[in-house]
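Since the structure comes first, as structure tokens, the remarks are kept for the end.
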Amino acid sequence: MNHALPDLDHDLKVRRSTYERSVHVFRILEKILKVNIKLHQSGNQIHDGEIFLFNHFARFETFIPQYLIYTETGALSRSVAANEFFIKGDSFSNFLLNAGAVPRNLPDLLPFLASEILRGRKVIVFPEGGMVKDRQVVDQNGQYSVYSRSTRTRRKHHSGPAVLGLALEVFKQAVLTVQSQGDEARLEEWTSKLQLGSVEELLNAARRTTAIVPANITFYPMRVGDNLLRKGAELLNRGLSRRLSEELMIEGNILLKHTDMDLRLGEIIYPSQYLRWLDKKLLHSILPKVDCLRTAFYLRSSTGVWAARPLSRRIRRNVAGIRDEYMHRMYSNVTVNLSHLASRVIMLLVARGRTEITQRELHSILYLAVKNIQRLGSAQLHRSLRNPEFYGDLLLGRCQGLAEFVKSTSAMQLLQAENGLYRFLPKLRAEFTFDEIRRENMVVVYANEVAPLSDVCQAIASAIERAPDLSAAELALLRLHDEQMSLQWDKLQFSKPRHLPINELETASANPEPFLLGRDDGSAEIGIILVHGFLASPAQVRGFGEALAAQGYTVLGVRLKGHGTSPWDLRERSWEDWLDSVERGYDTLCTLAKRVFVVGFSSGGALALRLAARRPDQLAGVAAVSVPVKFQNKNMAFVPIMHSANQLVRWVSSHEGIMPFRLNDSEQPEINYTHMPIRGLYELRRMVDDMQNNLVEIRCPVLLLQGSMDPVVAPTSAGLIFDLIAHANKSMKIIDSGRHGILHEDNGDAQRTVMDFIAKRAGHTQSAGEVPTNLATAAGRAG
């Protein structure tokens, strides 16, 4: 092939029109392809950075950074590509050139890239020098290195970006020195050679501190299996090489099957900070001899100054330090996912000679590893490890990420799941070539990818040791932490710009976190779950919880999904989501206390009764306060119609519905949402209907409390519920009050009534299956 070098004056112009067309095409492809690209940055690195460094796992990813930088900043980029991509007259080569790519063998490559940075371009480099298919980037001594296909040995990462950053900083200092000397002629000469518009443009570029941004690209999940891309290539070109076939298989699955591509920009490295006092002293004597940008890269041979020799030696050491630091920051920004954890656990166990593990033990190890890593604070976690909805049921083996991992590794004949065991198959220990490893043993690839993260690896090793001895009480506290994390995650998801007009009108200021009060060591006799009402949060029952804890009870205040965050969040939830919240709380408290009571207010009371209908073993009784069956607001009858209309509008347009929210005149504006989602009211109605249909199944003791002039719930609701509970000891008290929140406000001594109910039954608790011989009469029963 004719790998011709492009002409510097003609071929190396970055064309904005190429970027515009490429962005348009890429946006169309984004809608078609299944890869989900997400950019993460802690500051403003994409604007402030000049040199961007990325790891390299797949060919197509080499086009993504330019796209993101252009769409975010409008800046054009230069990148370095393999020489074989540049063939004179080839259309693809022309596209690469127009998009800013240059070959590695371009003469004076680094000075050229430096000049482009001074002209306002960004520079993109892949310092690994090629695709690292095995993701092995540290050697046995813990030093950074990668496999070189050309030499078939391991080598250090490229130091070119460090040289580029330091030399560019030297030239910038030379520019500022010339300015301070008043040498306008030299400034004009440099401005002309660099093709800048004015001397001021050169000076502004020199004043910008050179900034290197290490970044990491992580794909999840990675799949092995045939796809249309590989099949199509096979049809067009019979006899694909094994290497190309493997690349099309892996990359085709990334593009064509739902895959997250997380690009995480690390903390900026400033090369100027690596220049120590002596470096600056030596540099000061050399700067007057820097007559052009190229000289900054060849100080020792170009300046003829005695100080150039010791300065060059010191700069070489600085280059090595910068290289090691940007590789450290690049790999520390791996987006850690469940497959990383599972793979690392499996390889550690295999190294210890294990050939199998019970499914229950592996699930416990993985869950504990997730919790350990969350506490680190330093690891960058995939969103599926930050949202308990995705990983929370790991202990039960119900986790989509785990199921995908087991399915993939089973298909690769690495793992076998049967009879409650995971068996580690011999292929896990087999050796594969660099071009085979991704196709044959993805477990090793995943494990290698997190190997540079020493704190993550230690957290995983700790989970292996601790999981077998993890007590039920310790586990309960971890599950409570999940509930707190869930609150923060849900808040974040519903705090986007489109949510702000509603969110900013909300008045709730009380702490919405779930809470645990009292003994948490698993030795409690009686535990009490408190369930807040519709539109509220655990803050609504916190005061009563503290009173109960003062009596010696262990108290858990649960947060119903969609509450304590944003009305938008509640709009997306079903009543089944609320019941799941109560059941999770019940399961948690059952590990801390021998017997459990559930106290629910309003819709929380309905959920408590619905839980009781399932007859869980440790449930000792339910106190349900102000539970709705009928509502005072007759407009509730029209909620199903409004909900259907809103759904129809959302289906056929981009609008949120005819009336997505309705204002709420709350008794507790510091706790409740100001805006009620119509969807939430619809789910409330569905929940009440389901509760009524299942009251007959309740067997545990029940206390019903109801305000006589409740402005929200029709007081007759309590009597209707009482009559439908046909097979349990039950009592009811009507409290003389014109308020709905009789428990929170302790109207009519409501809190003492509930405490007495619990204290009385704490001494004798009816079993879930016991049918009472008599039914208590309702005190002050309403019409």
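In the structure tokens, chains take the letters A, B, ... in the order shown, each chain's residues start at 1, and ligands count up from 1 in the order shown.
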Legend entry - DSSP strand (DSSP E) residues within stretch 657-768 of chain A, listed as a list in words: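 Output for stretch 657-768 of chain A, strand (DSSP E) only: Phe661, Arg662, Leu663, His675, Met676, Pro677, Val702, Leu703, Leu704, Leu705, Gln706, Gly707, Lys730, Ser731, Met732, Lys733, Ile734 and Ile735 of chain A.
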Legend entry - Contacts of A:Ala99 within 10 Å, only C-alpha atoms, excl. fewer than 2 positions in-chain, as a ChimeraX atom specification: /A:12-19,22,63,66,76-79,93-97,101-102
Near stretch 263-269 of chain A, 12 Å: stretch 102-194 of chain A residue rows, closest pairs, only C-alpha atoms, as JSON lines:
```
{"residue": "A:Pro161", "atom": "CA", "partner": "A:Ile269", "partner_atom": "CA", "distance": 11.2}
{"residue": "A:Ala162", "atom": "CA", "partner": "A:Ile269", "partner_atom": "CA", "distance": 9.8}
{"residue": "A:Gly165", "atom": "CA", "partner": "A:Ile269", "partner_atom": "CA", "distance": 9.5}
{"residue": "A:Leu166", "atom": "CA", "partner": "A:Ile269", "partner_atom": "CA", "distance": 11.1}
```
Legend entry - Counting only C-alpha atoms, the residue of A:Arg344, A:Arg383, A:His157, A:Arg595 that sits nearest A:Ile528: A:Arg595
Inset, instruction - DSSP on the backbone, then: every residue of stretch 78-253 of chain A marked helix (DSSP H, G or I), written as JSON, numbers by chain. - result: {"A": [83, 84, 85, 91, 92, 93, 94, 95, 96, 97, 98, 109, 110, 111, 112, 113, 114, 115, 116, 117, 118, 160, 161, 162, 163, 164, 165, 166, 167, 168, 169, 170, 171, 172, 173, 174, 175, 176, 177, 178, 179, 180, 184, 185, 186, 187, 188, 189, 190, 191, 192, 193, 199, 200, 201, 202, 203, 204, 205, 206, 207, 228, 229, 230, 231, 232, 233, 234, 235, 236, 242, 243, 244, 245, 246, 247, 248, 249, 250, 251, 252, 253]}
Legend entry - Nearby residues (only C-alpha atoms) at most 7 Å from A:Pro388, same-chain spacing under 4 positions excluded, as a list in words: Gly392, Asp482 and Ser486 of chain A
Could you please take those selected residues and save all heavy atoms as a short mmCIF file (atom, residue, chain, number, x, y, z; two decimals), in the first residue's frame?
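What follows is the written file again-v3.cif:
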```cif
data_model
loop_
_atom_site.label_atom_id
_atom_site.label_comp_id
_atom_site.auth_asym_id
_atom_site.auth_seq_id
_atom_site.Cartn_x
_atom_site.Cartn_y
_atom_site.Cartn_z
N GLY A 392 -30.30 -4.06 44.64
CA GLY A 392 -30.81 -4.34 45.97
C GLY A 392 -31.23 -5.78 46.22
O GLY A 392 -31.14 -6.28 47.34
N ASP A 482 -29.17 1.38 51.85
CA ASP A 482 -29.72 1.34 50.49
C ASP A 482 -30.90 2.29 50.35
O ASP A 482 -31.04 2.99 49.34
CB ASP A 482 -30.18 -0.08 50.14
CG ASP A 482 -29.04 -1.01 49.75
OD1 ASP A 482 -27.95 -0.50 49.47
OD2 ASP A 482 -29.25 -2.22 49.74
N SER A 486 -31.20 5.34 47.89
CA SER A 486 -32.31 5.41 46.94
C SER A 486 -32.94 6.80 46.95
O SER A 486 -33.30 7.34 45.90
CB SER A 486 -33.36 4.35 47.29
OG SER A 486 -34.42 4.36 46.37
#
```
Inset, instruction - One decimal, Å: what's the distance from atom CA of A:Phe722 over to atom CA of A:Pro616, could you say? - result: 20.5 Å
Legend entry - Residue among A:Ala205, A:Cys590, A:Leu724, A:Leu517 lying closest to A:Ala613, counting only C-alpha atoms: A:Leu724
Inset, instruction - Work out how far apart atom CA of A:Arg438 and atom CA of A:Lys407 are and give it in Å to one decimal. - result: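 These two atoms are separated by 15.9 Å.
For A:Gly129, the list of residues within 10 Å, based on only C-alpha atoms and with local chain neighbours fewer than 3 positions off taken out, reads Asn55, His56, Val80, Ala81, Ala82, Arg104, Val125, Phe126, Val132, Val146, Tyr147, Ser148, His157 and His158 of chain A.
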Residues of the last selection are to be written out with N, CA and C atoms, as a PDB file, in the first residue's frame.
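Below is the file that was written, part.pdb:
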```pdb
ATOM      1  N   ASN A  55      -8.086   5.820  27.027  1.00  0.00           N
ATOM      2  CA  ASN A  55      -7.710   4.420  26.854  1.00  0.00           C
ATOM      3  C   ASN A  55      -8.376   3.889  25.589  1.00  0.00           C
ATOM      4  N   HIS A  56      -7.935   2.708  25.124  1.00  0.00           N
ATOM      5  CA  HIS A  56      -8.361   2.246  23.801  1.00  0.00           C
ATOM      6  C   HIS A  56      -8.750   0.766  23.877  1.00  0.00           C
ATOM      7  N   VAL A  80      -4.294  11.548  16.666  1.00  0.00           N
ATOM      8  CA  VAL A  80      -3.212  10.793  16.035  1.00  0.00           C
ATOM      9  C   VAL A  80      -3.730   9.396  15.752  1.00  0.00           C
ATOM     10  N   ALA A  81      -3.572   8.948  14.500  1.00  0.00           N
ATOM     11  CA  ALA A  81      -4.059   7.632  14.095  1.00  0.00           C
ATOM     12  C   ALA A  81      -2.911   6.816  13.495  1.00  0.00           C
ATOM     13  N   ALA A  82      -3.155   5.506  13.388  1.00  0.00           N
ATOM     14  CA  ALA A  82      -2.149   4.603  12.827  1.00  0.00           C
ATOM     15  C   ALA A  82      -1.825   4.980  11.381  1.00  0.00           C
ATOM     16  N   ARG A 104       0.932   8.862  12.768  1.00  0.00           N
ATOM     17  CA  ARG A 104       1.963   8.875  13.807  1.00  0.00           C
ATOM     18  C   ARG A 104       3.334   9.243  13.251  1.00  0.00           C
ATOM     19  N   VAL A 125      -5.218  12.026  22.232  1.00  0.00           N
ATOM     20  CA  VAL A 125      -4.166  11.017  22.121  1.00  0.00           C
ATOM     21  C   VAL A 125      -4.613   9.757  22.861  1.00  0.00           C
ATOM     22  N   PHE A 126      -4.247   8.606  22.308  1.00  0.00           N
ATOM     23  CA  PHE A 126      -4.465   7.315  22.965  1.00  0.00           C
ATOM     24  C   PHE A 126      -3.092   6.781  23.389  1.00  0.00           C
ATOM     25  N   VAL A 132      -6.099  -2.239  23.709  1.00  0.00           N
ATOM     26  CA  VAL A 132      -5.673  -3.150  24.774  1.00  0.00           C
ATOM     27  C   VAL A 132      -6.822  -4.121  25.003  1.00  0.00           C
ATOM     28  N   VAL A 146       1.668  -2.159  28.883  1.00  0.00           N
ATOM     29  CA  VAL A 146       0.692  -2.790  27.987  1.00  0.00           C
ATOM     30  C   VAL A 146       1.425  -3.721  27.033  1.00  0.00           C
ATOM     31  N   TYR A 147       0.661  -4.618  26.434  1.00  0.00           N
ATOM     32  CA  TYR A 147       1.226  -5.565  25.475  1.00  0.00           C
ATOM     33  C   TYR A 147       1.454  -4.855  24.141  1.00  0.00           C
ATOM     34  N   SER A 148       2.645  -5.069  23.561  1.00  0.00           N
ATOM     35  CA  SER A 148       2.970  -4.506  22.249  1.00  0.00           C
ATOM     36  C   SER A 148       2.856  -5.608  21.205  1.00  0.00           C
ATOM     37  N   HIS A 157       3.677   2.808  28.688  1.00  0.00           N
ATOM     38  CA  HIS A 157       2.778   3.630  27.889  1.00  0.00           C
ATOM     39  C   HIS A 157       3.557   4.769  27.243  1.00  0.00           C
ATOM     40  N   HIS A 158       2.994   5.303  26.175  1.00  0.00           N
ATOM     41  CA  HIS A 158       3.676   6.388  25.457  1.00  0.00           C
ATOM     42  C   HIS A 158       3.771   7.637  26.329  1.00  0.00           C
TER      43      HIS A 158
END
```
Inset, instruction - Mind checking which residues fall within 12 Å of A:Asp291, counting only C-alpha atoms, ignoring those fewer than 6 positions away in the same chain, and posting them as a PyMOL selection string? - result: chain A and resi 170-171+174-175+177-178+183+185-187+189-190+193+297-299+302-303
Now that the selection is made, can you save its residues with N, CA, C and O atoms as a compact mmCIF listing (two decimals), in the first residue's frame?
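selection04.txt was written with the following content:
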```
# COMPACT_ATOMS: atom_id res chain seq x y z
N VAL A 170 7.10 25.29 27.98
CA VAL A 170 8.37 26.00 27.79
C VAL A 170 8.21 27.11 26.75
O VAL A 170 8.65 28.25 26.95
N PHE A 171 7.57 26.79 25.63
CA PHE A 171 7.40 27.80 24.58
C PHE A 171 6.51 28.94 25.07
O PHE A 171 6.76 30.12 24.76
N ALA A 174 8.56 31.18 26.97
CA ALA A 174 9.44 31.94 26.07
C ALA A 174 8.69 33.12 25.47
O ALA A 174 9.22 34.23 25.36
N VAL A 175 7.42 32.89 25.08
CA VAL A 175 6.61 33.97 24.50
C VAL A 175 6.45 35.11 25.51
O VAL A 175 6.62 36.29 25.17
N THR A 177 8.36 35.76 28.03
CA THR A 177 9.66 36.38 28.28
C THR A 177 9.98 37.40 27.18
O THR A 177 10.43 38.53 27.46
N VAL A 178 9.74 37.02 25.93
CA VAL A 178 9.97 37.94 24.80
C VAL A 178 9.10 39.18 24.93
O VAL A 178 9.54 40.30 24.66
N ASP A 183 10.29 42.69 22.69
CA ASP A 183 10.75 42.28 21.36
C ASP A 183 9.54 42.04 20.46
O ASP A 183 9.13 40.90 20.21
N ALA A 185 9.21 42.45 17.28
CA ALA A 185 9.53 41.82 16.00
C ALA A 185 9.45 40.30 16.10
O ALA A 185 8.90 39.63 15.22
N ARG A 186 10.01 39.74 17.19
CA ARG A 186 9.96 38.28 17.35
C ARG A 186 8.52 37.81 17.56
O ARG A 186 8.12 36.77 17.03
N LEU A 187 7.75 38.56 18.32
CA LEU A 187 6.35 38.19 18.53
C LEU A 187 5.59 38.19 17.20
O LEU A 187 4.77 37.29 16.94
N GLU A 189 6.91 37.69 14.27
CA GLU A 189 7.42 36.56 13.49
C GLU A 189 6.73 35.26 13.92
O GLU A 189 6.28 34.47 13.09
N TRP A 190 6.64 35.03 15.23
CA TRP A 190 6.01 33.80 15.74
C TRP A 190 4.51 33.78 15.39
O TRP A 190 3.97 32.74 15.04
N LYS A 193 4.28 32.71 11.74
CA LYS A 193 4.59 31.30 11.51
C LYS A 193 3.49 30.37 12.03
O LYS A 193 3.23 29.32 11.46
N PHE A 297 11.19 21.72 21.86
CA PHE A 297 11.18 20.25 21.93
C PHE A 297 12.60 19.68 21.86
O PHE A 297 12.80 18.50 22.16
N TYR A 298 13.56 20.49 21.46
CA TYR A 298 14.94 20.01 21.30
C TYR A 298 15.89 20.98 21.97
O TYR A 298 16.83 21.51 21.34
N LEU A 299 15.70 21.24 23.25
CA LEU A 299 16.47 22.25 23.97
C LEU A 299 17.97 21.95 23.94
O LEU A 299 18.80 22.84 23.73
N SER A 302 19.44 22.46 20.30
CA SER A 302 19.08 23.66 19.54
C SER A 302 19.55 24.96 20.18
O SER A 302 19.69 25.97 19.49
N THR A 303 19.77 24.97 21.50
CA THR A 303 20.06 26.25 22.16
C THR A 303 21.54 26.53 22.33
O THR A 303 21.96 27.68 22.35
```
